[in-house]
file target-v9.cif (mmCIF, C-alpha atoms)
data_final
loop_
_atom_site.label_atom_id
_atom_site.label_comp_id
_atom_site.auth_asym_id
_atom_site.auth_seq_id
_atom_site.Cartn_x
_atom_site.Cartn_y
_atom_site.Cartn_z
CA MET V 1 37.10 -10.02 15.58
CA SER V 2 39.49 -7.17 16.24
CA THR V 3 41.63 -8.21 13.30
CA THR V 4 38.92 -7.23 10.85
CA SER V 5 38.19 -3.83 12.43
CA ILE V 6 39.31 -0.76 10.53
CA SER V 7 41.46 2.01 11.90
CA PHE V 8 41.31 5.59 10.70
CA SER V 9 42.00 9.03 12.02
CA GLU V 10 38.85 10.83 12.99
CA THR V 11 38.98 14.44 11.86
CA PRO V 12 36.21 16.81 13.03
CA LEU V 13 34.47 16.60 9.64
CA LEU V 14 34.67 12.81 9.55
CA SER V 15 33.32 12.61 13.08
CA LEU V 16 30.38 14.82 12.12
CA VAL V 17 29.57 12.75 9.03
CA LEU V 18 29.75 9.55 11.12
CA GLN V 19 27.35 11.02 13.70
CA ARG V 20 24.74 11.56 11.02
CA ALA V 21 25.46 8.25 9.27
CA ASP V 22 25.41 6.18 12.46
CA ASP V 23 22.15 7.78 13.66
CA ALA V 24 20.56 6.87 10.34
CA LEU V 25 21.97 3.34 10.15
CA ILE V 26 21.09 2.34 13.71
CA LEU V 27 17.58 3.80 13.65
CA GLY V 28 17.02 2.32 10.20
CA HIS V 29 18.06 -1.07 11.54
CA ARG V 30 15.81 -0.72 14.56
CA LEU V 31 12.82 0.10 12.36
CA SER V 32 13.60 -2.82 10.06
CA GLU V 33 13.09 -5.09 13.08
CA TRP V 34 9.37 -4.25 12.80
CA CYS V 35 9.20 -5.79 9.35
CA GLY V 36 6.48 -8.46 9.51
CA HIS V 37 5.54 -7.51 13.10
CA ALA V 38 3.79 -4.14 12.85
CA PRO V 39 0.23 -3.85 14.17
CA LEU V 40 -1.20 -3.37 10.65
CA VAL V 41 0.09 -4.34 7.23
CA GLU V 42 -0.15 -0.68 6.16
CA GLU V 43 2.04 0.36 9.09
CA ASP V 44 4.42 -2.51 8.45
CA ILE V 45 5.11 -0.99 5.03
CA ALA V 46 5.23 2.55 6.44
CA LEU V 47 7.90 1.60 8.99
CA ALA V 48 9.90 -0.30 6.38
CA ASN V 49 9.72 2.76 4.10
CA ILE V 50 11.15 4.96 6.86
CA ALA V 51 13.84 2.35 7.54
CA LEU V 52 14.82 2.35 3.88
CA ASP V 53 14.94 6.15 3.76
CA LEU V 54 17.29 6.12 6.74
CA ILE V 55 19.52 3.39 5.36
CA GLY V 56 19.69 5.30 2.08
CA GLN V 57 20.81 8.40 4.00
CA ALA V 58 23.37 6.29 5.87
CA ARG V 59 24.78 4.98 2.60
CA SER V 60 25.28 8.46 1.13
CA LEU V 61 26.90 9.61 4.36
CA TYR V 62 29.22 6.59 4.74
CA ASP V 63 30.21 7.00 1.13
CA TYR V 64 31.12 10.61 1.90
CA ALA V 65 32.93 9.49 5.07
CA ALA V 66 35.08 7.23 2.89
CA GLN V 67 35.86 10.18 0.60
CA VAL V 68 36.72 12.44 3.53
CA ASP V 69 38.94 9.74 5.00
CA GLY V 70 40.76 9.46 1.69
CA SER V 71 42.35 6.08 2.32
CA ARG V 72 41.07 2.91 0.68
CA LEU V 73 38.13 2.42 3.02
CA THR V 74 34.61 2.19 1.58
CA GLU V 75 31.08 2.83 2.88
CA ASP V 76 30.85 -0.84 3.93
CA HIS V 77 33.99 -0.57 6.06
CA PHE V 78 32.50 2.36 7.95
CA ALA V 79 29.11 0.71 8.32
CA TYR V 80 30.25 -2.79 9.32
CA ARG V 81 33.86 -2.88 10.39
CA ARG V 82 34.12 -0.55 13.36
CA GLU V 83 34.14 -1.41 17.06
CA GLN V 84 31.23 -0.35 19.23
CA HIS V 85 33.11 2.59 20.78
CA GLN V 86 33.76 3.98 17.29
CA TYR V 87 30.05 4.44 16.60
CA ARG V 88 28.95 8.05 17.00
CA ASN V 89 25.17 7.63 17.07
CA CYS V 90 23.12 9.13 19.87
CA LEU V 91 21.65 6.83 22.51
CA LEU V 92 18.07 7.60 21.48
CA VAL V 93 18.26 5.71 18.17
CA GLU V 94 19.67 2.51 19.70
CA GLN V 95 16.89 2.18 22.27
CA PRO V 96 14.77 -0.95 21.77
CA ASN V 97 11.58 -0.71 19.74
CA GLY V 98 9.46 -1.43 22.83
CA ASP V 99 5.78 -1.31 21.99
CA PHE V 100 4.43 0.61 19.01
CA ALA V 101 4.05 3.76 21.13
CA ALA V 102 7.74 3.69 22.06
CA THR V 103 8.75 3.33 18.42
CA ILE V 104 6.53 6.26 17.44
CA VAL V 105 7.74 8.50 20.28
CA ARG V 106 11.39 7.74 19.43
CA GLN V 107 10.74 8.50 15.76
CA PHE V 108 8.88 11.69 16.56
CA LEU V 109 11.54 13.11 18.89
CA PHE V 110 14.33 12.22 16.47
CA SER V 111 12.64 13.30 13.24
CA ALA V 112 11.61 16.65 14.73
CA PHE V 113 15.28 17.27 15.45
CA MET V 114 16.63 15.93 12.17
CA ASP V 115 14.18 17.85 10.02
CA LEU V 116 15.48 21.10 11.51
CA TYR V 117 19.05 19.87 11.19
CA TRP V 118 18.80 18.89 7.51
CA ARG V 119 17.06 22.15 6.68
CA GLU V 120 19.97 24.13 8.09
CA MET V 121 22.55 21.84 6.58
CA MET V 122 21.05 22.45 3.12
CA ILE V 123 22.96 25.74 3.09
CA SER V 124 26.23 24.15 4.22
CA ARG V 125 29.37 25.38 2.52
CA ASP V 126 30.22 21.72 2.04
CA GLU V 127 28.49 20.90 -1.26
CA THR V 128 28.17 17.16 -0.63
CA LEU V 129 26.58 17.69 2.77
CA ALA V 130 24.24 20.29 1.27
CA ALA V 131 23.15 17.84 -1.44
CA ILE V 132 22.64 14.95 0.99
CA SER V 133 20.62 17.26 3.24
CA ALA V 134 18.33 18.44 0.45
CA LYS V 135 17.29 14.84 -0.24
CA ALA V 136 17.14 13.79 3.41
CA GLU V 137 15.04 16.77 4.48
CA LYS V 138 12.07 15.76 2.31
CA GLU V 139 12.20 12.22 3.63
CA THR V 140 12.52 13.40 7.22
CA ALA V 141 9.63 15.86 6.88
CA TYR V 142 7.40 12.88 6.07
CA HIS V 143 8.82 10.79 8.95
CA LEU V 144 7.91 13.67 11.26
CA ARG V 145 4.43 14.01 9.80
CA HIS V 146 3.77 10.29 10.05
CA SER V 147 5.03 9.90 13.62
CA ALA V 148 3.34 13.13 14.79
CA GLU V 149 -0.05 12.04 13.45
CA TRP V 150 0.33 8.65 15.12
CA LEU V 151 1.42 10.23 18.37
CA ILE V 152 -1.65 12.49 18.43
CA ARG V 153 -3.89 9.46 17.90
CA LEU V 154 -2.12 7.35 20.52
CA GLY V 155 -1.88 10.10 23.12
CA ASP V 156 -5.43 11.30 22.59
CA GLY V 157 -6.83 7.82 21.89
CA THR V 158 -7.91 5.17 24.39
CA ASP V 159 -6.83 5.02 28.03
CA GLU V 160 -4.38 2.28 27.17
CA SER V 161 -2.84 4.02 24.16
CA HIS V 162 -2.50 7.21 26.22
CA GLU V 163 -0.77 5.36 29.05
CA ARG V 164 1.61 3.65 26.68
CA ALA V 165 2.46 6.88 24.84
CA GLU V 166 3.04 8.66 28.13
CA ALA V 167 5.24 5.85 29.45
CA ALA V 168 7.29 5.93 26.23
CA LEU V 169 7.75 9.69 26.42
CA ASP V 170 8.81 9.44 30.09
CA GLU V 171 11.31 6.74 29.26
CA LEU V 172 12.83 8.27 26.13
CA TRP V 173 12.88 11.92 27.17
CA ILE V 174 16.23 11.55 28.98
CA TYR V 175 17.88 10.71 25.64
CA THR V 176 16.87 13.97 23.97
CA GLY V 177 19.49 16.16 25.66
CA GLU V 178 22.21 14.45 23.68
CA LEU V 179 20.76 15.66 20.38
CA PHE V 180 21.83 19.21 21.18
CA GLU V 181 25.30 18.49 22.49
CA ARG V 182 28.34 19.76 20.65
CA ASP V 183 32.01 19.88 21.51
CA GLU V 184 34.63 22.47 20.61
CA THR V 185 35.36 21.03 17.15
CA GLU V 186 31.67 20.94 16.29
CA ARG V 187 31.32 24.56 17.29
CA LEU V 188 34.15 25.26 14.88
CA LEU V 189 32.41 23.41 12.05
CA ALA V 190 29.27 25.37 12.85
CA SER V 191 30.97 28.73 12.87
CA SER V 192 32.67 27.99 9.56
CA GLY V 193 29.31 27.25 7.92
CA ILE V 194 29.83 23.52 7.41
CA ALA V 195 27.17 22.23 9.78
CA PRO V 196 24.31 23.60 11.91
CA ASP V 197 24.95 24.51 15.52
CA THR V 198 22.96 21.76 17.22
CA GLY V 199 22.79 23.76 20.45
CA ALA V 200 20.84 26.48 18.64
CA LEU V 201 18.27 23.91 17.45
CA ARG V 202 16.95 23.21 20.93
CA GLU V 203 14.44 26.06 21.01
CA PRO V 204 13.02 25.53 17.52
CA TRP V 205 12.80 21.79 18.33
CA GLN V 206 10.93 22.51 21.53
CA ALA V 207 8.62 24.87 19.64
CA ARG V 208 7.87 22.17 17.09
CA ILE V 209 7.14 19.30 19.43
CA GLU V 210 5.12 21.21 22.04
CA PRO V 211 1.96 21.82 19.98
CA ILE V 212 1.93 18.17 18.88
CA LEU V 213 2.39 16.91 22.44
CA ARG V 214 -0.37 19.25 23.60
CA GLU V 215 -2.69 17.92 20.92
CA ALA V 216 -1.70 14.40 22.00
CA ALA V 217 -2.59 15.30 25.62
CA LEU V 218 0.97 14.42 26.68
CA LYS V 219 3.14 16.32 29.12
CA ILE V 220 6.86 16.85 28.74
CA PRO V 221 8.46 14.97 31.64
CA ASN V 222 9.78 17.20 34.34
CA THR V 223 13.24 15.73 34.70
CA PRO V 224 16.42 17.75 34.60
CA PHE V 225 18.60 14.65 34.16
CA MET V 226 19.78 13.77 30.66
CA GLN V 227 21.71 10.71 29.49
CA THR V 228 24.83 11.24 27.46
CA GLY V 229 27.70 9.27 25.95
CA GLY V 230 26.68 8.03 22.51
CA ARG V 231 28.52 10.70 20.55
CA SER V 232 31.77 9.82 22.31
CA GLY V 233 31.26 6.08 21.88
CA CYS V 234 29.92 5.17 25.35
CA HIS V 235 26.82 3.29 24.29
CA SER V 236 24.09 1.43 26.11
CA GLU V 237 24.19 -2.36 26.08
CA HIS V 238 21.67 -2.37 23.23
CA LEU V 239 24.12 -1.26 20.55
CA GLY V 240 26.26 -4.37 21.02
CA TYR V 241 23.35 -6.63 20.08
CA ILE V 242 22.50 -4.48 17.07
CA LEU V 243 26.10 -4.60 15.84
CA ALA V 244 26.30 -8.36 16.36
CA ASP V 245 23.34 -8.67 13.97
CA LEU V 246 24.52 -6.04 11.54
CA GLN V 247 28.18 -6.98 11.38
CA PHE V 248 27.98 -10.75 11.41
CA LEU V 249 28.39 -11.24 7.68
CA GLN V 250 31.21 -8.76 7.17
CA ARG V 251 33.04 -10.13 10.21
CA ALA V 252 32.64 -13.75 9.15
CA HIS V 253 33.40 -13.04 5.49
CA PRO V 254 35.42 -9.82 5.30
CA GLU V 255 35.11 -7.98 1.98
CA ALA V 256 32.06 -10.03 0.95
CA VAL V 257 30.06 -8.15 -1.69
CA TRP V 258 26.67 -8.66 -3.31
CA MET E 259 -6.99 -8.33 14.86
CA SER E 260 -7.24 -4.56 15.13
CA GLU E 261 -8.21 -4.39 11.45
CA LYS E 262 -11.72 -5.29 12.50
CA HIS E 263 -12.11 -1.85 14.03
CA LEU E 264 -10.55 0.15 11.24
CA PRO E 265 -12.59 1.43 8.31
CA LEU E 266 -11.63 0.60 4.75
CA TRP E 267 -10.66 3.33 2.26
CA GLU E 268 -10.43 3.13 -1.52
CA VAL E 269 -7.27 4.61 -3.01
CA PHE E 270 -7.06 6.50 -6.29
CA ILE E 271 -3.69 7.59 -7.71
CA ARG E 272 -2.97 10.06 -10.48
CA SER E 273 0.22 9.00 -12.16
CA ARG E 274 0.85 12.20 -14.12
CA SER E 275 -0.61 15.68 -14.29
CA GLY E 276 -3.45 15.81 -16.79
CA LEU E 277 -4.44 12.18 -16.33
CA ALA E 278 -7.38 11.02 -14.24
CA HIS E 279 -7.05 9.47 -10.79
CA LYS E 280 -7.28 5.71 -11.16
CA HIS E 281 -8.42 3.22 -8.57
CA CYS E 282 -5.47 1.14 -7.42
CA GLY E 283 -6.52 -0.62 -4.22
CA SER E 284 -7.62 -0.08 -0.65
CA VAL E 285 -6.15 0.48 2.82
CA HIS E 286 -7.34 0.26 6.41
CA ALA E 287 -7.04 3.43 8.48
CA ALA E 288 -8.71 5.12 11.41
CA ASP E 289 -9.34 8.44 9.65
CA ALA E 290 -8.72 10.42 6.48
CA GLU E 291 -5.20 11.69 7.26
CA MET E 292 -3.97 8.23 8.23
CA ALA E 293 -5.65 6.75 5.15
CA LEU E 294 -3.81 9.26 2.96
CA GLN E 295 -0.50 8.34 4.60
CA ALA E 296 -1.17 4.62 4.32
CA ALA E 297 -2.04 5.07 0.64
CA ARG E 298 1.19 7.00 0.10
CA ASP E 299 3.21 4.33 1.90
CA VAL E 300 1.59 1.34 0.22
CA TYR E 301 0.86 2.54 -3.33
CA THR E 302 3.45 5.20 -4.26
CA ARG E 303 6.68 3.48 -3.23
CA ARG E 304 7.92 3.17 -6.80
CA GLY E 305 7.11 6.66 -7.97
CA GLU E 306 3.65 5.72 -9.20
CA GLY E 307 1.95 8.99 -8.50
CA ASN E 308 1.83 12.72 -7.89
CA SER E 309 -1.63 12.93 -6.35
CA ILE E 310 -3.71 10.66 -4.11
CA TRP E 311 -7.42 10.50 -3.33
CA VAL E 312 -8.80 8.35 -0.56
CA VAL E 313 -12.52 7.73 -0.25
CA PRO E 314 -14.31 5.81 2.50
CA SER E 315 -15.28 2.50 0.92
CA SER E 316 -18.70 2.90 2.52
CA ALA E 317 -19.27 6.03 0.41
CA ILE E 318 -19.02 4.10 -2.83
CA ILE E 319 -22.31 2.96 -4.32
CA ALA E 320 -21.74 -0.10 -6.47
CA SER E 321 -23.94 -1.68 -9.10
CA ASP E 322 -25.32 -5.10 -8.27
CA PRO E 323 -23.67 -7.90 -10.27
CA TRP E 324 -27.14 -9.48 -10.64
CA ASP E 325 -28.25 -6.42 -12.62
CA LYS E 326 -25.64 -6.81 -15.29
CA GLY E 327 -28.15 -8.10 -17.81
CA GLU E 328 -30.35 -5.03 -17.74
CA LEU E 329 -27.53 -2.57 -17.15
CA PHE E 330 -24.94 -3.67 -19.68
CA GLU E 331 -26.25 -6.11 -22.22
CA PRO E 332 -28.39 -3.58 -24.14
CA ALA E 333 -25.17 -1.77 -25.11
CA LEU E 334 -23.56 -4.83 -26.65
CA SER E 335 -25.74 -4.72 -29.79
CA LYS E 336 -25.11 -1.03 -30.56
CA ILE E 337 -21.75 -1.04 -32.22
CA TYR E 338 -22.60 2.22 -34.06
CA ARG E 339 -21.92 4.00 -30.78
CA HIS E 340 -18.22 3.28 -31.22
CA PRO E 341 -16.37 6.01 -33.11
CA THR E 342 -14.59 3.33 -35.16
CA PHE E 343 -17.93 2.45 -36.80
CA TYR E 344 -17.72 5.44 -39.12
CA ASP E 345 -15.27 6.11 -41.99
CA VAL E 346 -13.59 9.44 -41.35
CA PRO E 347 -12.88 11.36 -44.62
CA GLU E 348 -9.18 11.97 -45.09
CA ASP E 349 -9.68 15.74 -45.28
CA VAL E 350 -10.78 15.78 -41.67
CA GLY E 351 -7.24 14.94 -40.66
CA HIS E 352 -6.32 14.03 -37.10
CA MET E 353 -9.28 13.84 -34.77
#

call {"tool": "encode", "arguments": {"input": "target-v9.cif", "output": "structure tokens"}}
result
Amino acid sequence: MSTTSISFSETPLLSLVLQRADDALILGHRLSEWCGHAPLVEEDIALANIALDLIGQARSLYDYAAQVDGSRLTEDHFAYRREQHQYRNCLLVEQPNGDFAATIVRQFLFSAFMDLYWREMMISRDETLAAISAKAEKETAYHLRHSAEWLIRLGDGTDESHERAEAALDELWIYTGELFERDETERLLASSGIAPDTGALREPWQARIEPILREAALKIPNTPFMQTGGRSGCHSEHLGYILADLQFLQRAHPEAVW
Amino acid sequence: MSEKHLPLWEVFIRSRSGLAHKHCGSVHAADAEMALQAARDVYTRRGEGNSIWVVPSSAIIASDPWDKGELFEPALSKIYRHPTFYDVPEDVGHM
């Protein structure tokens, strides 16, 4: 397999673009796993719509990654021909779908963050990132609305739906700390007006999710411990299985096209 | 399945400003907001609309198919009610 992997030098900008692209690709793939399995046909289509929005975002971002890289790599190379440790997605998006409550909680926590992120990135000095953000923000605002309304109904629904929503929040909460991490180079990109400072998004994020969680009768877990590692390529075991699915065709038939 | 417990909603989409909302189908949902979202997700995926109405199916009063004789047949013999029945003088121009 290693013979078909790409190599490239990861500049701070490229790393940032890959973070966004990998988040979108992996979560989009996860949601696509619901296709044909959602609790209602309406929700089946809703989840597939969100998956397609995310995969569309991933495509634009990988395409830009290829431009930034400037060698002969394409969006497909970045999507399908990297090793696991080269993926920059956060751990939250690679977590299994679990039950419907877990999928909704994951989507809610992530979309609440990304909506703030895209909004800030719309004024990036990087014109491509600003344009991608303007499109992605509208999509993400709906993902947030959809998952928030579901979460309120699950959390404040039956005893069973409440228990499941609470269990999902308890389980996934430890993956939220990673959303706000940034290293020295990312601080630099933030201070030069290329990308939002993710650390500064924590409070607005908290302010956005709290009223929804209150309405859903859910409590934020009281745990100081946060998981980390995804951004630097130390992933949970789940990503390997996702990549095996995603990459099979490009690994078996390198350069295959539609 | 769970659909048994979820009410049915009729969906009306307006494809362009100025046109009327047209019935396009139905969705299952627990309440109005979720019905609106389901309608958006199911019926506007290809840019079909810029406005959605959802109405509880139970709120719609329908005519009885058995009544179609008395309701609709009397109109069939009154072709003079169609505007095309009359010759419009040319001077009237575009109507």

call {"tool": "resolve_selection", "arguments": {"input": "target-v9.cif", "expression": "the PyMOL selection byres ((chain E) within 12 of (chain V))", "output": "JSON, numbers by chain"}}
result
{"E": [259, 260, 261, 262, 263, 264, 266, 267, 284, 285, 286, 287, 288, 289, 290, 291, 292, 293, 294, 295, 296, 297, 298, 299, 300, 301, 302, 303, 304]}

call {"tool": "resolve_selection", "arguments": {"input": "target-v9.cif", "expression": "the PyMOL selection byres ((chain V and resi 69) around 10)", "output": "PyMOL selection string"}}
result
chain V and resi 8-11+13-14+63-68+70-74

call {"tool": "residues_around", "arguments": {"input": "target-v9.cif", "residues": "segment 168-171 of chain V", "least_positions_apart": "4", "cutoff": "12 Å", "atoms": "all atoms listed in the file", "output": "PyMOL selection string"}}
result
chain V and resi 92+95-109+151+154-155+161-164+175-176+209+213+216-223+225-227

call {"tool": "atom_distance", "arguments": {"input": "target-v9.cif", "atom1": "atom CA of Phe110 of chain V", "atom2": "atom CA of Cys35 of chain V"}}
result
20.0 Å

call {"tool": "resolve_selection", "arguments": {"input": "target-v9.cif", "expression": "the PyMOL selection byres ((chain V and resi 190-205) around 9)", "output": "ChimeraX atom specification"}}
result
/V:13,16,109,112-113,116-118,120-121,123-126,129-130,177,179-182,185-189,206-210

call {"tool": "atom_distance", "arguments": {"input": "target-v9.cif", "atom1": "atom CA of Arg214 of chain V", "atom2": "atom CA of Ala38 of chain V"}}
result
26.1 Å

call {"tool": "residues_around", "arguments": {"input": "target-v9.cif", "residues": "segment 269-281 of chain E", "least_positions_apart": "2", "cutoff": "7 Å", "atoms": "all atoms listed in the file", "output": "compact mmCIF listing (two decimals) with C-alpha atoms, in the frame of the given file"}}
result
# COMPACT_ATOMS: atom_id res chain seq x y z
CA TRP E 267 -10.66 3.33 2.26
CA GLY E 283 -6.52 -0.62 -4.22
CA SER E 284 -7.62 -0.08 -0.65
CA ALA E 297 -2.04 5.07 0.64
CA GLU E 306 3.65 5.72 -9.20
CA GLY E 307 1.95 8.99 -8.50
CA ASN E 308 1.83 12.72 -7.89
CA SER E 309 -1.63 12.93 -6.35
CA ILE E 310 -3.71 10.66 -4.11
CA TRP E 311 -7.42 10.50 -3.33
CA VAL E 312 -8.80 8.35 -0.56
CA VAL E 313 -12.52 7.73 -0.25

call {"tool": "atom_distance", "arguments": {"input": "target-v9.cif", "atom1": "atom CA of His77 of chain V", "atom2": "atom CA of Pro12 of chain V"}}
result
18.9 Å

call {"tool": "decode", "arguments": {"input": "target-v9.cif", "residues": "segment 263-350 of chain E", "atoms": "C-alpha atoms", "output": "PDB file, in the first residue's frame"}}
result
ATOM      1  CA  HIS E 263     -46.706   7.498  15.910  1.00  0.00           C
ATOM      2  CA  LEU E 264     -45.789  10.421  13.713  1.00  0.00           C
ATOM      3  CA  PRO E 265     -48.419  12.682  12.181  1.00  0.00           C
ATOM      4  CA  LEU E 266     -48.550  13.270   8.452  1.00  0.00           C
ATOM      5  CA  TRP E 267     -48.043  16.747   6.954  1.00  0.00           C
ATOM      6  CA  GLU E 268     -48.874  17.990   3.474  1.00  0.00           C
ATOM      7  CA  VAL E 269     -46.120  19.961   1.778  1.00  0.00           C
ATOM      8  CA  PHE E 270     -46.628  22.956  -0.500  1.00  0.00           C
ATOM      9  CA  ILE E 271     -43.690  24.537  -2.341  1.00  0.00           C
ATOM     10  CA  ARG E 272     -43.518  27.886  -4.099  1.00  0.00           C
ATOM     11  CA  SER E 273     -41.032  27.571  -6.900  1.00  0.00           C
ATOM     12  CA  ARG E 274     -40.658  31.289  -7.654  1.00  0.00           C
ATOM     13  CA  SER E 275     -41.758  34.556  -6.117  1.00  0.00           C
ATOM     14  CA  GLY E 276     -45.142  35.578  -7.452  1.00  0.00           C
ATOM     15  CA  LEU E 277     -46.321  32.025  -8.082  1.00  0.00           C
ATOM     16  CA  ALA E 278     -48.675  30.125  -5.794  1.00  0.00           C
ATOM     17  CA  HIS E 279     -47.562  27.397  -3.408  1.00  0.00           C
ATOM     18  CA  LYS E 280     -48.252  24.047  -5.031  1.00  0.00           C
ATOM     19  CA  HIS E 281     -48.877  20.756  -3.318  1.00  0.00           C
ATOM     20  CA  CYS E 282     -45.940  18.432  -3.912  1.00  0.00           C
ATOM     21  CA  GLY E 283     -46.244  15.587  -1.415  1.00  0.00           C
ATOM     22  CA  SER E 284     -46.260  14.731   2.256  1.00  0.00           C
ATOM     23  CA  VAL E 285     -43.848  13.962   5.107  1.00  0.00           C
ATOM     24  CA  HIS E 286     -44.028  12.387   8.543  1.00  0.00           C
ATOM     25  CA  ALA E 287     -42.865  14.546  11.442  1.00  0.00           C
ATOM     26  CA  ALA E 288     -43.489  14.985  15.141  1.00  0.00           C
ATOM     27  CA  ASP E 289     -44.249  18.713  14.970  1.00  0.00           C
ATOM     28  CA  ALA E 290     -44.335  21.747  12.710  1.00  0.00           C
ATOM     29  CA  GLU E 291     -40.634  22.679  12.833  1.00  0.00           C
ATOM     30  CA  MET E 292     -39.526  19.128  12.079  1.00  0.00           C
ATOM     31  CA  ALA E 293     -42.119  18.892   9.305  1.00  0.00           C
ATOM     32  CA  LEU E 294     -40.720  22.064   7.744  1.00  0.00           C
ATOM     33  CA  GLN E 295     -37.188  20.646   7.898  1.00  0.00           C
ATOM     34  CA  ALA E 296     -38.275  17.294   6.487  1.00  0.00           C
ATOM     35  CA  ALA E 297     -40.075  19.088   3.649  1.00  0.00           C
ATOM     36  CA  ARG E 298     -36.936  21.116   2.936  1.00  0.00           C
ATOM     37  CA  ASP E 299     -34.770  17.991   2.968  1.00  0.00           C
ATOM     38  CA  VAL E 300     -37.074  15.836   0.869  1.00  0.00           C
ATOM     39  CA  TYR E 301     -38.624  18.273  -1.624  1.00  0.00           C
ATOM     40  CA  THR E 302     -36.151  21.120  -2.235  1.00  0.00           C
ATOM     41  CA  ARG E 303     -32.938  19.189  -2.886  1.00  0.00           C
ATOM     42  CA  ARG E 304     -32.770  20.258  -6.520  1.00  0.00           C
ATOM     43  CA  GLY E 305     -33.515  23.925  -6.048  1.00  0.00           C
ATOM     44  CA  GLU E 306     -37.261  23.470  -6.477  1.00  0.00           C
ATOM     45  CA  GLY E 307     -38.375  26.215  -4.169  1.00  0.00           C
ATOM     46  CA  ASN E 308     -37.957  29.430  -2.236  1.00  0.00           C
ATOM     47  CA  SER E 309     -40.825  28.997   0.209  1.00  0.00           C
ATOM     48  CA  ILE E 310     -42.419  26.032   1.974  1.00  0.00           C
ATOM     49  CA  TRP E 311     -45.776  25.541   3.678  1.00  0.00           C
ATOM     50  CA  VAL E 312     -46.546  22.484   5.746  1.00  0.00           C
ATOM     51  CA  VAL E 313     -50.082  21.746   6.875  1.00  0.00           C
ATOM     52  CA  PRO E 314     -51.226  18.910   9.136  1.00  0.00           C
ATOM     53  CA  SER E 315     -52.908  16.425   6.816  1.00  0.00           C
ATOM     54  CA  SER E 316     -55.700  16.144   9.365  1.00  0.00           C
ATOM     55  CA  ALA E 317     -56.521  19.833   8.803  1.00  0.00           C
ATOM     56  CA  ILE E 318     -57.355  19.268   5.166  1.00  0.00           C
ATOM     57  CA  ILE E 319     -61.029  18.727   4.390  1.00  0.00           C
ATOM     58  CA  ALA E 320     -61.373  16.717   1.206  1.00  0.00           C
ATOM     59  CA  SER E 321     -64.348  16.208  -1.057  1.00  0.00           C
ATOM     60  CA  ASP E 322     -65.781  12.714  -1.166  1.00  0.00           C
ATOM     61  CA  PRO E 323     -65.020  10.891  -4.438  1.00  0.00           C
ATOM     62  CA  TRP E 324     -68.596   9.524  -4.325  1.00  0.00           C
ATOM     63  CA  ASP E 325     -69.904  13.089  -4.640  1.00  0.00           C
ATOM     64  CA  LYS E 326     -68.171  13.761  -7.907  1.00  0.00           C
ATOM     65  CA  GLY E 327     -71.398  13.488  -9.877  1.00  0.00           C
ATOM     66  CA  GLU E 328     -73.183  16.272  -8.062  1.00  0.00           C
ATOM     67  CA  LEU E 329     -70.076  18.365  -7.464  1.00  0.00           C
ATOM     68  CA  PHE E 330     -68.401  18.338 -10.846  1.00  0.00           C
ATOM     69  CA  GLU E 331     -70.593  17.019 -13.604  1.00  0.00           C
ATOM     70  CA  PRO E 332     -72.917  20.058 -13.765  1.00  0.00           C
ATOM     71  CA  ALA E 333     -69.926  22.135 -14.895  1.00  0.00           C
ATOM     72  CA  LEU E 334     -69.112  19.903 -17.843  1.00  0.00           C
ATOM     73  CA  SER E 335     -72.041  21.164 -19.949  1.00  0.00           C
ATOM     74  CA  LYS E 336     -71.289  24.872 -19.471  1.00  0.00           C
ATOM     75  CA  ILE E 337     -68.535  25.533 -21.920  1.00  0.00           C
ATOM     76  CA  TYR E 338     -69.534  29.241 -22.114  1.00  0.00           C
ATOM     77  CA  ARG E 339     -67.804  29.659 -18.757  1.00  0.00           C
ATOM     78  CA  HIS E 340     -64.459  29.210 -20.493  1.00  0.00           C
ATOM     79  CA  PRO E 341     -62.938  32.476 -21.701  1.00  0.00           C
ATOM     80  CA  THR E 342     -62.065  30.787 -25.015  1.00  0.00           C
ATOM     81  CA  PHE E 343     -65.786  30.547 -25.810  1.00  0.00           C
ATOM     82  CA  TYR E 344     -65.932  34.195 -26.840  1.00  0.00           C
ATOM     83  CA  ASP E 345     -64.312  35.919 -29.844  1.00  0.00           C
ATOM     84  CA  VAL E 346     -62.206  38.791 -28.561  1.00  0.00           C
ATOM     85  CA  PRO E 347     -62.233  41.807 -30.959  1.00  0.00           C
ATOM     86  CA  GLU E 348     -58.759  42.596 -32.226  1.00  0.00           C
ATOM     87  CA  ASP E 349     -58.927  46.161 -30.873  1.00  0.00           C
ATOM     88  CA  VAL E 350     -58.982  44.826 -27.351  1.00  0.00           C
TER      89      VAL E 350
END
